[in-house]
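Structure file input_7.cif with mmCIF, C-alpha atoms:
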data_run
#
loop_
_atom_site.label_atom_id
_atom_site.label_comp_id
_atom_site.auth_asym_id
_atom_site.auth_seq_id
_atom_site.Cartn_x
_atom_site.Cartn_y
_atom_site.Cartn_z
CA MET A 113 117.06 -82.41 265.96
CA LEU A 114 118.75 -84.61 268.51
CA LEU A 115 115.43 -86.34 268.96
CA SER A 116 115.14 -87.03 265.25
CA HIS A 117 118.53 -88.77 265.34
CA MET A 118 117.58 -90.85 268.34
CA ILE A 119 114.17 -92.01 267.09
CA PRO A 120 114.29 -94.09 263.88
CA THR A 121 111.94 -92.25 261.55
CA ALA A 122 110.45 -93.51 258.32
CA GLU A 123 112.87 -91.28 256.48
CA SER A 124 115.90 -92.67 258.27
CA ARG A 125 114.65 -96.21 257.51
CA TYR A 126 114.50 -95.33 253.81
CA ASN A 127 117.97 -93.80 253.90
CA GLN A 128 119.25 -96.84 255.73
CA TRP A 129 117.95 -99.02 252.89
CA VAL A 130 119.72 -96.83 250.35
CA ARG A 131 122.98 -96.85 252.27
CA GLU A 132 122.92 -100.59 252.90
CA HIS A 133 121.69 -101.90 249.58
CA TYR A 134 122.46 -99.27 246.92
CA ARG A 135 125.87 -100.65 245.98
CA PHE A 136 124.62 -104.22 245.69
CA LEU A 137 121.52 -103.20 243.74
CA LEU A 138 123.40 -100.95 241.34
CA ARG A 139 126.00 -103.62 240.56
CA SER A 140 123.23 -106.17 240.09
CA ALA A 141 121.12 -103.87 237.92
CA TRP A 142 124.17 -102.96 235.88
CA ALA A 143 124.97 -106.65 235.38
CA LEU A 144 121.36 -107.40 234.43
CA THR A 145 120.78 -104.48 232.05
CA GLY A 146 124.25 -103.94 230.62
CA SER A 147 124.26 -100.19 231.19
CA ARG A 148 125.32 -98.32 234.29
CA ALA A 149 123.20 -95.30 233.37
CA LEU A 150 120.15 -97.50 232.93
CA ALA A 151 120.98 -99.34 236.15
CA GLU A 152 120.94 -96.04 238.05
CA ASP A 153 117.42 -95.37 236.77
CA VAL A 154 116.35 -98.92 237.57
CA VAL A 155 117.67 -98.67 241.13
CA GLN A 156 115.97 -95.35 241.67
CA ASP A 157 112.68 -96.81 240.43
CA CYS A 158 113.30 -99.81 242.65
CA PHE A 159 113.67 -97.70 245.80
CA THR A 160 110.60 -95.67 244.88
CA SER A 161 108.49 -98.80 244.39
CA ALA A 162 109.91 -100.47 247.48
CA TRP A 163 109.07 -97.46 249.62
CA ARG A 164 105.56 -97.30 248.23
CA TYR A 165 104.94 -100.97 249.04
CA ARG A 166 107.11 -101.14 252.16
CA ASN A 167 104.28 -102.71 254.16
CA GLN A 168 104.62 -105.84 252.02
CA LEU A 169 108.04 -106.53 253.53
CA ARG A 170 107.15 -108.89 256.37
CA ASP A 171 110.66 -109.80 257.50
CA ALA A 172 113.26 -107.04 257.71
CA SER A 173 116.07 -109.60 257.37
CA LEU A 174 114.82 -110.32 253.84
CA ALA A 175 115.03 -106.66 252.79
CA ARG A 176 117.91 -107.20 250.40
CA ALA A 177 116.27 -110.14 248.67
CA TRP A 178 112.98 -108.25 248.48
CA LEU A 179 114.67 -105.17 247.01
CA PHE A 180 116.46 -107.35 244.48
CA GLN A 181 113.16 -108.87 243.44
CA ILE A 182 111.71 -105.42 242.81
CA MET A 183 114.84 -104.24 241.02
CA ARG A 184 114.86 -107.39 238.87
CA ARG A 185 111.32 -106.69 237.68
CA HIS A 186 112.27 -103.15 236.70
CA ALA A 187 115.45 -104.37 234.99
CA LEU A 188 113.65 -107.07 232.97
CA ARG A 189 111.49 -104.41 231.33
CA HIS A 190 114.61 -103.02 229.68
CA LEU A 191 115.98 -106.29 228.39
CA VAL A 192 115.83 -107.13 224.70
CA PRO A 193 115.06 -110.86 224.38
CA ASP A 194 117.78 -113.14 222.99
CA GLN A 195 120.27 -110.33 222.66
CA PRO A 196 123.62 -110.55 224.45
CA LEU A 197 124.53 -107.65 226.70
CA VAL A 198 127.49 -105.40 226.05
CA TYR A 199 128.42 -103.70 229.27
CA THR A 200 128.75 -99.95 229.08
CA GLU A 201 128.69 -96.91 231.33
CA GLN A 202 126.19 -95.25 228.99
CA ALA A 203 122.50 -95.72 228.43
CA PRO A 204 121.72 -98.54 225.96
CA ASP A 205 120.47 -96.24 223.20
CA THR A 206 123.89 -94.65 222.90
CA VAL A 207 126.23 -96.73 220.76
CA ALA A 208 129.08 -98.29 222.70
CA PRO A 209 132.50 -97.69 221.22
CA PRO A 210 133.84 -100.69 219.31
CA SER A 211 136.66 -101.10 221.81
CA ALA A 212 134.23 -101.39 224.75
CA LEU A 213 133.78 -105.10 224.36
CA ASP A 214 137.46 -105.79 223.82
CA ASP A 215 138.45 -103.85 226.92
CA GLN A 216 136.13 -105.86 229.10
CA LEU A 217 137.27 -108.72 231.23
CA ASP A 218 136.48 -112.16 229.88
CA VAL A 219 134.07 -113.14 232.62
CA VAL A 220 132.16 -109.90 232.14
CA LYS A 221 131.83 -110.52 228.41
CA ALA A 222 130.72 -114.07 229.12
CA LEU A 223 128.15 -112.84 231.64
CA GLY A 224 126.63 -110.71 228.91
CA ARG A 225 126.25 -113.73 226.66
CA ILE A 226 124.38 -116.07 228.99
CA ALA A 227 120.65 -116.22 229.57
CA PRO A 228 119.11 -113.68 231.97
CA ILE A 229 117.88 -116.39 234.38
CA HIS A 230 121.48 -117.61 234.72
CA ARG A 231 122.88 -114.11 234.87
CA GLU A 232 120.67 -113.14 237.81
CA VAL A 233 121.50 -116.18 239.91
CA LEU A 234 125.22 -115.61 239.31
CA VAL A 235 124.83 -111.97 240.24
CA LEU A 236 123.37 -112.97 243.60
CA TYR A 237 126.02 -115.60 244.14
CA TYR A 238 129.10 -113.66 243.09
CA PHE A 239 128.10 -110.21 244.26
CA ASP A 240 126.49 -110.99 247.57
CA ASP A 241 127.04 -114.61 248.63
CA MET A 242 123.36 -114.59 249.45
CA PRO A 243 122.00 -117.62 251.38
CA THR A 244 119.93 -120.03 249.33
CA ALA A 245 116.68 -119.15 251.11
CA GLN A 246 117.17 -115.46 250.35
CA MET A 247 118.18 -116.19 246.76
CA ALA A 248 114.96 -118.14 246.39
CA GLU A 249 113.05 -115.16 247.75
CA ALA A 250 114.92 -112.75 245.49
CA LEU A 251 114.34 -114.84 242.36
CA ASP A 252 110.83 -115.88 243.34
CA ILE A 253 111.63 -119.58 242.92
CA ALA A 254 111.65 -122.62 245.23
CA PRO A 255 114.78 -122.97 247.40
CA GLY A 256 115.48 -126.36 245.87
CA THR A 257 115.66 -124.83 242.41
CA VAL A 258 118.31 -122.32 243.42
CA LEU A 259 121.24 -124.73 243.65
CA SER A 260 120.44 -126.54 240.41
CA ARG A 261 119.98 -123.26 238.59
CA LEU A 262 123.23 -121.95 240.05
CA ALA A 263 125.09 -125.06 238.88
CA ARG A 264 123.69 -124.66 235.38
CA ALA A 265 124.50 -120.96 235.39
CA ARG A 266 128.12 -121.61 236.31
CA GLU A 267 128.39 -124.15 233.53
CA ALA A 268 126.83 -121.69 231.12
CA LEU A 269 129.30 -119.02 232.18
CA LYS A 270 132.22 -121.38 231.73
CA ALA A 271 130.92 -122.36 228.31
CA ALA A 272 130.46 -118.73 227.32
CA LEU A 273 134.05 -118.06 228.36
CA SER A 274 135.50 -120.69 226.07
CA PRO A 275 136.43 -119.33 222.62
CA ALA A 276 134.92 -122.25 220.71
CA PRO A 277 131.76 -121.32 218.79
CA THR A 278 129.97 -124.29 220.38
CA ALA A 279 129.86 -122.18 223.56
CA SER A 280 126.72 -120.51 222.32
CA ALA A 281 124.99 -123.89 222.42
CA SER A 282 124.97 -123.79 226.22
CA VAL A 283 123.63 -120.27 226.30
CA ILE A 284 119.94 -120.45 227.06
CA PRO A 285 117.86 -117.71 225.48
CA MET A 286 115.49 -115.78 227.67
CA ARG A 287 112.59 -116.58 225.34
CA LYS A 288 112.20 -118.96 222.51
CA ALA A 289 112.31 -117.25 219.16
CA GLN A 290 108.93 -116.86 217.49
CA THR A 291 108.67 -119.15 214.50
CA MET B 254 125.49 -119.21 252.02
CA THR B 255 125.92 -121.74 254.76
CA PRO B 256 128.67 -124.39 254.39
CA HIS B 257 125.98 -127.01 253.69
CA ASP B 258 124.34 -125.29 250.76
CA THR B 259 127.40 -123.64 249.24
CA PRO B 260 128.63 -125.10 245.99
CA GLN B 261 132.30 -125.90 246.25
CA GLU B 262 134.25 -122.74 245.41
CA THR B 263 136.67 -123.33 242.54
CA ALA B 264 139.44 -121.32 240.94
CA PHE B 265 136.93 -120.37 238.29
CA ASP B 266 134.61 -118.88 240.92
CA LEU B 267 137.44 -116.87 242.45
CA ARG B 268 138.35 -115.52 239.05
CA ALA B 269 134.73 -114.70 238.30
CA ARG B 270 134.30 -112.88 241.60
CA ALA B 271 137.48 -110.87 241.08
CA GLU B 272 136.68 -109.87 237.50
CA LEU B 273 133.09 -108.96 238.28
CA ALA B 274 134.15 -106.92 241.32
CA LEU B 275 136.59 -105.01 239.11
CA ALA B 276 134.11 -104.48 236.32
CA PHE B 277 131.11 -103.33 238.32
CA GLU B 278 132.27 -100.67 240.75
CA PRO B 279 129.09 -98.93 241.89
CA GLY B 280 130.46 -96.08 244.03
CA GLU B 281 128.55 -94.45 246.84
CA PRO B 282 124.80 -93.72 246.75
CA PRO B 283 124.13 -90.37 245.08
CA ALA B 284 122.81 -87.61 247.32
CA TYR B 285 119.62 -87.22 245.30
CA LEU B 286 118.60 -90.73 246.25
CA LEU B 287 118.63 -89.97 249.97
CA ARG B 288 115.75 -88.15 251.59
CA HIS B 289 116.36 -85.00 253.55
CA THR B 290 113.12 -83.69 254.94
CA PRO B 291 113.47 -80.42 256.88
CA TRP B 292 112.92 -80.99 260.58
CA HIS B 293 109.75 -78.87 260.59
CA ALA B 294 108.23 -80.92 257.76
CA ARG B 295 108.70 -84.23 259.56
CA ARG B 296 105.53 -86.07 260.40
CA GLY B 297 106.41 -86.50 264.06
CA VAL B 298 107.21 -82.83 264.53
CA ARG B 299 104.01 -81.86 262.75
CA ARG B 300 102.00 -84.15 264.99
CA VAL B 301 103.55 -82.64 268.10
CA LEU B 302 102.88 -79.12 266.80
CA ALA B 303 99.29 -80.03 265.96
CA ALA B 304 98.83 -81.57 269.42
CA LEU B 305 100.27 -78.45 271.03
CA LEU B 306 97.99 -76.26 268.94
CA VAL B 307 94.91 -78.29 269.86
CA SER B 308 95.78 -78.50 273.55
CA GLY B 309 96.69 -74.79 273.57
CA SER B 310 93.37 -73.90 271.96
CA ALA B 311 91.52 -76.11 274.41
CA ALA B 312 93.33 -74.56 277.36
CA SER B 313 92.60 -71.05 276.02
CA ALA B 314 88.94 -71.94 275.59
CA VAL B 315 88.76 -73.26 279.15
CA PHE B 316 90.44 -70.17 280.55
CA ALA B 317 88.17 -67.93 278.50
CA MET B 318 85.12 -69.68 279.99
CA ARG B 319 86.47 -69.57 283.54
CA PRO B 320 84.27 -67.33 285.72
CA PRO B 321 85.55 -65.09 288.56
CA GLU B 322 86.68 -66.89 291.70
CA ILE B 323 83.64 -65.96 293.77
CA VAL B 324 81.31 -67.26 291.06
CA ARG B 325 83.21 -70.56 290.98
CA ALA B 326 82.91 -70.75 294.77
CA ALA B 327 79.17 -70.01 294.44
CA ILE B 328 78.75 -72.83 291.90
CA GLU B 329 80.55 -75.22 294.24
CA HIS B 330 78.41 -74.04 297.16
CA GLU B 331 75.25 -74.60 295.14
CA TYR B 332 76.39 -78.13 294.34
CA TYR B 333 76.70 -79.06 298.02
CA GLU B 334 73.40 -77.44 299.02
CA ARG B 335 71.38 -78.46 295.98
CA THR B 336 69.11 -80.75 297.97
CA LEU B 337 68.83 -78.57 301.06
CA ARG B 338 65.39 -77.07 301.65
CA GLY B 339 64.02 -74.73 304.33
CA SER B 340 63.67 -71.17 305.64
CA PHE B 341 66.55 -70.34 307.92
CA MET B 342 66.04 -66.56 307.84
CA PRO B 343 63.08 -64.21 307.39
CA GLU B 344 61.92 -63.64 303.83
CA ALA B 345 61.91 -59.87 304.29
CA GLU B 346 65.54 -59.85 305.30
CA ILE B 347 66.72 -61.82 302.30
CA ALA B 348 64.54 -59.64 300.05
CA ARG B 349 66.26 -56.59 301.55
CA HIS B 350 69.70 -58.03 300.80
CA MET B 351 68.61 -58.56 297.23
CA ASP B 352 67.33 -54.98 297.01
CA LEU B 353 63.82 -55.97 296.09
CA GLU B 354 61.18 -53.26 296.34
CA PRO B 355 59.77 -53.00 299.90
CA GLY B 356 56.75 -55.18 300.36
CA LYS B 357 57.47 -57.19 297.22
CA SER B 358 57.68 -60.94 297.79
CA LEU B 359 60.55 -63.09 296.64
CA PRO B 360 60.21 -64.30 293.06
CA GLY B 361 59.18 -67.89 292.32
CA TYR B 362 58.43 -70.65 294.82
CA THR B 363 61.14 -70.33 297.45
CA GLN B 364 62.91 -73.57 298.38
CA LEU B 365 65.80 -72.41 300.57
CA MET B 366 66.61 -69.16 302.38
CA ARG B 367 69.65 -69.02 304.57
CA PRO B 368 72.75 -67.06 305.37
CA CYS B 369 75.96 -68.82 304.43
CA ASP B 370 79.65 -68.37 303.89
CA ILE B 371 81.12 -68.40 300.41
CA ASP B 372 84.84 -68.23 300.04
CA GLY B 373 85.12 -66.34 303.39
CA THR B 374 82.39 -63.85 302.45
CA LYS B 375 79.07 -63.78 304.18
CA ALA B 376 76.31 -64.35 301.66
CA TYR B 377 72.53 -64.78 301.52
CA HIS B 378 71.39 -67.85 299.71
CA LEU B 379 68.02 -68.06 298.01
CA THR B 380 66.96 -71.10 296.03
CA THR B 381 63.67 -70.62 294.24
CA PHE B 382 61.63 -72.37 291.59
CA PHE B 383 60.26 -70.65 288.51
CA GLU B 384 57.42 -72.35 286.75
CA LYS B 385 58.71 -71.28 283.36
CA GLY B 386 62.36 -72.04 283.94
CA GLY B 387 63.18 -74.27 286.85
CA ILE B 388 65.32 -74.04 289.99
CA VAL B 389 67.64 -71.05 290.39
CA THR B 390 70.04 -70.26 293.21
CA VAL B 391 70.60 -66.57 293.91
CA LEU B 392 73.44 -65.34 296.09
CA ALA B 393 73.73 -61.82 297.48
CA PHE B 394 76.80 -60.79 299.44
CA GLU B 395 77.15 -58.86 302.70
CA GLN B 396 80.22 -57.07 301.34
CA PRO B 397 79.39 -56.75 297.63
CA PRO B 398 82.41 -57.86 295.56
CA SER B 399 83.31 -56.04 292.39
CA LEU B 400 81.64 -58.08 289.67
CA ALA B 401 80.62 -56.95 286.20
CA ASP B 402 77.44 -58.20 284.52
CA ASN B 403 78.43 -61.39 282.82
CA HIS B 404 77.25 -64.89 282.16
CA GLY B 405 78.63 -68.27 281.13
CA TRP B 406 78.78 -72.00 281.66
CA TRP B 407 81.07 -73.71 284.13
CA ALA B 408 81.13 -77.10 285.86
CA ASN B 409 77.97 -78.14 284.05
CA MET B 410 76.07 -75.13 285.42
CA TYR B 411 74.90 -71.89 283.86
CA TRP B 412 75.79 -68.77 285.81
CA GLN B 413 75.02 -65.12 285.49
CA VAL B 414 75.95 -61.96 287.37
CA VAL B 415 73.23 -59.29 287.46
CA HIS B 416 73.00 -56.12 289.45
CA SER B 417 70.11 -55.35 291.77
CA ARG B 418 68.12 -52.11 291.87
CA GLU B 419 70.76 -50.68 294.22
CA GLY B 420 73.63 -51.91 292.07
CA ARG B 421 74.53 -54.88 294.27
CA PRO B 422 75.93 -57.84 292.31
CA LEU B 423 73.80 -60.98 292.51
CA VAL B 424 75.17 -64.33 291.41
CA LEU B 425 72.60 -66.61 289.75
CA VAL B 426 73.31 -70.31 289.25
CA ALA B 427 71.04 -72.78 287.46
CA GLN B 428 71.16 -76.01 285.54
CA LYS B 429 68.93 -74.57 282.80
CA LYS B 430 69.78 -71.46 280.87
CA GLN B 431 66.11 -70.56 280.61
CA ALA B 432 65.83 -70.41 284.42
CA LEU B 433 68.54 -67.75 284.51
CA ALA B 434 66.67 -65.65 282.00
CA VAL B 435 63.49 -65.73 284.09
CA ALA B 436 65.34 -65.09 287.36
CA SER B 437 67.42 -62.22 286.00
CA LYS B 438 64.25 -60.57 284.71
CA ALA B 439 62.72 -60.81 288.18
CA LEU B 440 65.79 -59.71 290.14
CA ALA B 441 67.84 -57.33 288.00
CA GLY B 442 67.43 -53.60 288.46
CA SER B 443 67.57 -52.98 284.73
CA GLU B 444 67.25 -55.22 281.70
CA THR B 445 70.49 -57.11 281.21
CA PRO B 446 71.55 -58.50 277.87
CA HIS B 447 71.52 -62.27 277.78
#
Would you mind writing the file's structure down as structure tokens?
Amino acid sequence: MLLSHMIPTAESRYNQWVREHYRFLLRSAWALTGSRALAEDVVQDCFTSAWRYRNQLRDASLARAWLFQIMRRHALRHLVPDQPLVYTEQAPDTVAPPSALDDQLDVVKALGRIAPIHREVLVLYYFDDMPTAQMAEALDIAPGTVLSRLARAREALKAALSPAPTASASVIPMRKAQT
Amino acid sequence: MTPHDTPQETAFDLRARAELALAFEPGEPPAYLLRHTPWHARRGVRRVLAALLVSGSAASAVFAMRPPEIVRAAIEHEYYERTLRGSFMPEAEIARHMDLEPGKSLPGYTQLMRPCDIDGTKAYHLTTFFEKGGIVTVLAFEQPPSLADNHGWWANMYWQVVHSREGRPLVLVAQKKQALAVASKALAGSETPH
């Protein structure tokens, strides 16, 4: 057993991933899906997928960005287009109590109102202070796009915070409504 | 982010960080997410066990095939004298040591007849050629060791222990199994299973 602690096994590598990245991934998934319960499922699916395709991770220093990318794909499957998120501890199919929204902090409410592409870049920026190159990897976009998207996302968040109804004008929908 | 690519942090950003940190408290990873494979189910341990099993089986197989010491010494002796030819002792004498019937000639076409020393035991060495088998080396001992009828394969040679008419053990060594069968038929006192 001493040997198994000394030699890094595949299992210990997996557990190391969970220990190092679980908290970040759960917060991010929660922020992206709106539900903590759903986020837990998403993160579990993320680790399962990541382990299955672990050979695709070329650079170990990009593990967090790579895991975020996988988690993001799982989270996007649960998003309802053009619908603001209301953050809850429950799964989305259970109705949140009416007070849930009122009890939430303003920034959190505003985060739920902005477009998913802005939400995810803010999640990386505020939760992890991730370097631009890794953010680009995590979001699967060019590094040059990261800063401009981040600037727009911050503006969108500020706009969503302001009580004026015009705030919704700066909120970019995830998809254009079908006409 | 590096200082060069970081957007300037404002009071708004600080507020956002603080509120988001308060709102999304993830807690520790749940135990079900971690993997706990029992030590005996680990791949490395299984590989070691499989390697031990294979090497143990191989070692057992080798030891099971290993002939008695005097037979191994006889095989080694045959190897060094494989190319030696000649009559270094009378045919009748070597026939007597192999308990052949009086007046009966040695089987096959004799290649080498000589007294020698095998593992400190005086022995009589006969190498003969059988048309329907090939070259066989037969060794009879001055002081017959206790050897049971047996046969096998060792050091790329087939060997067989047969007993003469008088019950003296004879060690037969050949490169072809068929040669042993022919030689044992000619030399053994009774039919030996092969």
*asked:* Quick check: residues of chain B within 12 Å of chain A, all atoms listed in the file, returned as a PyMOL selection string.
replied: chain B and resi 254-298
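In this model, the gap between atom CA of A:Glu249 and atom CA of A:Arg231 comes to 16.2 Å.
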Hits from the PyMOL selection byres ((chain B and resi 432-443) around 7), listed as an NGL selection string:
:B and (360 or 383 or 386-389 or 415-418 or 425 or 427 or 429-431 or 444-445)
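Using the PyMOL selection byres ((chain A and resi 191) around 10) on this structure selects Leu144, Thr145, Gly146, His186, Ala187, Leu188, Arg189, His190, Val192, Pro193, Asp194, Gln195, Pro196, Leu197, Pro204, Pro228 and Met286 of chain A.
The spacing separating atom CA of B:Ala312 from atom CA of B:Ser399 amounts to 25.9 Å.
Taking atom CA of B:Leu392 and atom CA of B:Val414 as endpoints, the distance between them is 9.7 Å.
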Edge lengths and centre in Å to one decimal, as AutoDock Vina command-line options, is what I'm after for the box along x, y and z that holds all listed atoms of stretch 188-198 of chain A once 8 Å is added on each side.
--center_x 119.5 --center_y -108.1 --center_z 227.8 --size_x 32.0 --size_y 26.1 --size_z 26.3
Please provide the set of residues having any atom within 8 Å of stretch 363-380 of chain B, restricted to only C-alpha atoms, with same-chain residues fewer than 5 positions apart removed, written as a PyMOL selection string. chain B and resi 323+326-327+330+337-344+347+350+388-396
Those residues you just picked out, can you put them in a file as a tab-separated table (two decimals), in the coordinates of the input with C-alpha atoms?
chain	number	residue	atom	x	y	z
B	323	ILE	CA	83.64	-65.96	293.77
B	326	ALA	CA	82.91	-70.75	294.77
B	327	ALA	CA	79.17	-70.01	294.44
B	330	HIS	CA	78.41	-74.04	297.16
B	337	LEU	CA	68.83	-78.57	301.06
B	338	ARG	CA	65.39	-77.07	301.65
B	339	GLY	CA	64.02	-74.73	304.33
B	340	SER	CA	63.67	-71.17	305.64
B	341	PHE	CA	66.55	-70.34	307.92
B	342	MET	CA	66.04	-66.56	307.84
B	343	PRO	CA	63.08	-64.21	307.39
B	344	GLU	CA	61.92	-63.64	303.83
B	347	ILE	CA	66.72	-61.82	302.30
B	350	HIS	CA	69.70	-58.03	300.80
B	388	ILE	CA	65.32	-74.04	289.99
B	389	VAL	CA	67.64	-71.05	290.39
B	390	THR	CA	70.04	-70.26	293.21
B	391	VAL	CA	70.60	-66.57	293.91
B	392	LEU	CA	73.44	-65.34	296.09
B	393	ALA	CA	73.73	-61.82	297.48
B	394	PHE	CA	76.80	-60.79	299.44
B	395	GLU	CA	77.15	-58.86	302.70
B	396	GLN	CA	80.22	-57.07	301.34
Practice problem: Run the PyMOL selection byres ((chain A and resi 181) around 8) on the file and write out the hits as a count of residues only. | Solution: 12
Repair of stretch 421-440 of chain B at the level of N, CA and C atoms, as a compact mmCIF listing (two decimals), in the frame of the given file:
# COMPACT_ATOMS: atom_id res chain seq x y z
N ARG B 421 73.80 -53.79 293.59
CA ARG B 421 74.53 -54.88 294.27
C ARG B 421 74.62 -56.08 293.32
N PRO B 422 75.83 -56.68 293.21
CA PRO B 422 75.93 -57.84 292.31
C PRO B 422 75.25 -59.07 292.92
N LEU B 423 74.46 -59.74 292.10
CA LEU B 423 73.80 -60.98 292.51
C LEU B 423 74.31 -62.10 291.59
N VAL B 424 74.68 -63.21 292.21
CA VAL B 424 75.17 -64.33 291.41
C VAL B 424 74.03 -65.35 291.28
N LEU B 425 73.68 -65.65 290.03
CA LEU B 425 72.60 -66.61 289.75
C LEU B 425 73.23 -67.89 289.19
N VAL B 426 72.78 -69.02 289.72
CA VAL B 426 73.31 -70.31 289.25
C VAL B 426 72.14 -71.24 288.97
N ALA B 427 72.15 -71.87 287.79
CA ALA B 427 71.04 -72.78 287.46
C ALA B 427 71.53 -73.85 286.50
N GLN B 428 70.80 -74.94 286.47
CA GLN B 428 71.16 -76.01 285.54
C GLN B 428 70.59 -75.74 284.15
N LYS B 429 69.53 -74.89 284.11
CA LYS B 429 68.93 -74.57 282.80
C LYS B 429 69.15 -73.10 282.50
N LYS B 430 69.52 -72.83 281.27
CA LYS B 430 69.78 -71.46 280.87
C LYS B 430 68.50 -70.61 280.95
N GLN B 431 67.39 -71.27 280.62
CA GLN B 431 66.11 -70.56 280.61
C GLN B 431 65.74 -70.04 282.00
N ALA B 432 66.12 -70.81 283.04
CA ALA B 432 65.83 -70.41 284.42
C ALA B 432 66.55 -69.11 284.76
N LEU B 433 67.77 -68.98 284.25
CA LEU B 433 68.54 -67.75 284.51
C LEU B 433 67.87 -66.54 283.88
N ALA B 434 67.33 -66.76 282.70
CA ALA B 434 66.67 -65.65 282.00
C ALA B 434 65.46 -65.16 282.80
N VAL B 435 64.69 -66.10 283.31
CA VAL B 435 63.49 -65.73 284.09
C VAL B 435 63.90 -65.05 285.39
N ALA B 436 64.91 -65.63 286.06
CA ALA B 436 65.34 -65.09 287.36
C ALA B 436 65.95 -63.71 287.20
N SER B 437 66.77 -63.53 286.17
CA SER B 437 67.42 -62.22 286.00
C SER B 437 66.38 -61.14 285.70
N LYS B 438 65.32 -61.52 285.00
CA LYS B 438 64.25 -60.57 284.71
C LYS B 438 63.55 -60.15 286.01
N ALA B 439 63.43 -61.10 286.94
CA ALA B 439 62.72 -60.81 288.18
C ALA B 439 63.59 -60.06 289.18
N LEU B 440 64.92 -60.24 289.09
CA LEU B 440 65.79 -59.71 290.14
C LEU B 440 66.61 -58.49 289.71
